[in-house]
Amino acid sequence: MSERKNLLLMPGDGIGPEVMAQAKRVLDWLQKTGRADFAITEELVGGASIDAHGVPLTEAALAHALAADAVLFGSVGGPKWDTVPFDIRPEAALLKLRKEMGVFANLRPAKVFDALVDASSLKPELVRGLDIMIVRELIGGIYFGEPRGIETLPDGSKRGVNTEVYTTGEIERVGRVAFELARKRQNRVCSVEKANVMESGLLWRQVMTALHAAEYPDVQLSHMYADNCAMQLAKNPRQFDVIVTGNLFGDILSDLAAMLTGSLGLLPSATLGAVEPSGRRAGFYEPIHGSAPDIAGKGLANPLAQILSLALMLRYSFGQGANAALIEQAVENVLAKAGRTPDIAMPGRAKISTSEMGDALLAELEAL
Ligand code: NAI
Ligand code: MG
């Protein structure tokens, strides 16, 4: 095993700590069996940090995240903190972490497990074997562009403004992530924008075309307008391998793709920064679900999205593809035969709790 890597866990609020506890069991198992060797530390974040320190992210916790080789994050937020001012809400911690860590490429796999093919919003024959990777640019575009704000016009009415901005560099760096991923998958990238009506989209298309010709001619590149992409995702999702798009379209299309797979409790994500000259690359991993206050503290949460986020971390931050594949296989096996948490319940299968799902997964890992 090479040099010891630092891993920071940030469980957060609501079901975050419950699902993180199960991910920790998987980590412990990897360490105990000599498959991994991490120095693991933990920090409060979100509402938990507000309660303890008055802010959703302390300077110390931020410094810790910046120094870590990867961050495994749970989820933040909940009704208890909904009345806190916007800039010190639990969610502000997440935005600050992403921005400070410089993680710009949000990877959202949408994969349909065989055992859950009936849970999809589409017919089984349309989604069986579905395996898409959506790469969303996360720290640019219309959510961050200037000018922005709400202004009052001379006649007393108001005008809300947001600005879509993308630079060549921002498009190239997320484009590279998509092409590199495609090379390890089916070698196809579909670049999505609205080049027909937006200059930022036109530039996106031009930059992706040039990047492809210069550095990735071996990968198949296609372009699609975002509205058509939404239709195609609902009509024939299996046509896609890697989709790369900006922040706004990626937000919407990745949620659409998520629903094709059936369960929020099974969907992980990874967010990566640039590869630094030292070879280091910031990595932030979290399930796509939130803190689920409606089921928090009841042992009802599905821990598999958190555990699959851990698998993505092993693959993308630590080059441990074999460990990642082992966890993913164990998840497949559990879904095929073990009991189910209520979110993916099915007739004839026992309903099990968060920790029982952890038990089932560990038993599978032991058996593999
Ligand atoms: P949510 O994802 O927390 O919950 C939506 C629905 O899915 C709920 O019915 C919940 O019980 C269910 N669900 C979510 N994860 C589940 C799991 N692992 N197992 C079983 N069922 C699960 O989204 P919602 O309700 O919109 O937001 C709740 C809170 O979470 C809010 O404070 C919101 O701001 C925050 N949030 C935080 C995110 C983050 O930390 N990245 C992302 C999304 C929401
Ligand atoms: Mg969203």
# chains A, B, ... in the order shown; residues from 1 in each chain; ligands from 1
$ residues_around --residues "Arg176 of chain A" --least-positions-apart "2" --cutoff "12 Å" --atoms "only C-alpha atoms" --output "ChimeraX atom specification"
/A:104-105,135,137,169-174,178-183,189,191,207-212,214-216,219,242,244,272-275
$ select_by_dssp --residues "segment 63-189 of chain A" --states "strand (DSSP E or B)" --output "PyMOL selection string"
chain A and resi 70-75+105-111+131-137+149-152+158-161+188-189
$ write_last_selection --atoms "C-alpha atoms" --output "compact mmCIF listing (two decimals), in the first residue's frame"
# COMPACT_ATOMS: atom_id res chain seq x y z
CA ALA A 70 -10.91 13.49 -0.22
CA VAL A 71 -14.08 14.52 1.60
CA LEU A 72 -17.00 12.17 2.13
CA PHE A 73 -20.04 14.31 2.89
CA GLY A 74 -23.48 13.31 4.16
CA SER A 75 -26.17 15.93 3.81
CA ALA A 105 -16.98 18.71 -12.31
CA ASN A 106 -20.01 17.09 -10.74
CA LEU A 107 -20.33 13.44 -11.74
CA ARG A 108 -23.80 12.00 -11.42
CA PRO A 109 -24.04 8.39 -12.46
CA ALA A 110 -27.55 7.18 -13.27
CA LYS A 111 -27.42 3.44 -13.25
CA ASP A 131 -25.76 3.33 -17.22
CA ILE A 132 -25.34 7.05 -17.91
CA MET A 133 -22.79 9.45 -16.48
CA ILE A 134 -23.86 13.08 -16.36
CA VAL A 135 -21.01 15.55 -15.92
CA ARG A 136 -22.36 18.89 -14.73
CA GLU A 137 -20.23 22.02 -14.50
CA GLY A 149 -29.90 40.66 -8.42
CA ILE A 150 -33.34 42.23 -8.20
CA GLU A 151 -33.52 45.90 -9.13
CA THR A 152 -36.34 48.40 -8.96
CA LYS A 158 -38.87 45.17 -10.52
CA ARG A 159 -36.41 43.28 -12.68
CA GLY A 160 -34.70 40.05 -11.68
CA VAL A 161 -31.37 39.38 -13.39
CA ARG A 188 -19.05 8.47 -26.23
CA VAL A 189 -19.66 12.06 -25.09
$ select_by_dssp --residues "segment 264-332 of chain A" --states "helix (DSSP H, G or I)" --output "PyMOL selection string"
chain A and resi 264-266+304-318+321-332
$ residues_near_ligand --ligand "ligand 2" --cutoff "10 Å" --atoms "only C-alpha atoms and all ligand atoms" --output "ChimeraX atom specification"
/A:248,250-256,288-290
$ residues_near_ligand --ligand "ligand 1" --cutoff "9 Å" --atoms "only C-alpha atoms and all ligand atoms" --output "count of residues only"
48
$ closest_atom_pairs --of "segment 76-151 of chain A" --to "segment 51-64 of chain A" --cutoff "9 Å" --atoms "only C-alpha atoms" --output "tab-separated table"
residue	atom	partner	partner_atom	distance
A:Ile88	CA	A:Pro56	CA	6.2
A:Arg89	CA	A:Pro56	CA	6.6
A:Pro90	CA	A:Pro56	CA	5.1
A:Glu91	CA	A:Pro56	CA	7.9
A:Ala92	CA	A:Pro56	CA	7.0
A:Ala93	CA	A:Leu57	CA	5.3
A:Leu94	CA	A:Leu57	CA	8.6
A:Lys96	CA	A:Leu57	CA	8.3
A:Leu97	CA	A:Leu62	CA	6.9
A:Glu100	CA	A:Leu62	CA	8.2
A:Met101	CA	A:Leu62	CA	8.9
$ atom_distance --atom1 "atom CA of Ala23 of chain A" --atom2 "atom CA of Gly129 of chain A"
25.6 Å
$ residues_around --residues "Asp359 of chain A" --least-positions-apart "6" --cutoff "10 Å" --atoms "only C-alpha atoms" --output "PyMOL selection string"
chain A and resi 22+25-26+353+365
$ write_last_selection --atoms "C-alpha atoms" --output "CSV table (one decimal), in the first residue's frame"
chain,number,residue,atom,x,y,z
A,22,GLN,CA,-23.0,2.5,7.6
A,25,ARG,CA,-18.5,0.2,8.7
A,26,VAL,CA,-17.5,-0.4,5.1
A,353,SER,CA,-33.6,-0.9,8.8
A,365,LEU,CA,-18.5,-8.1,1.2
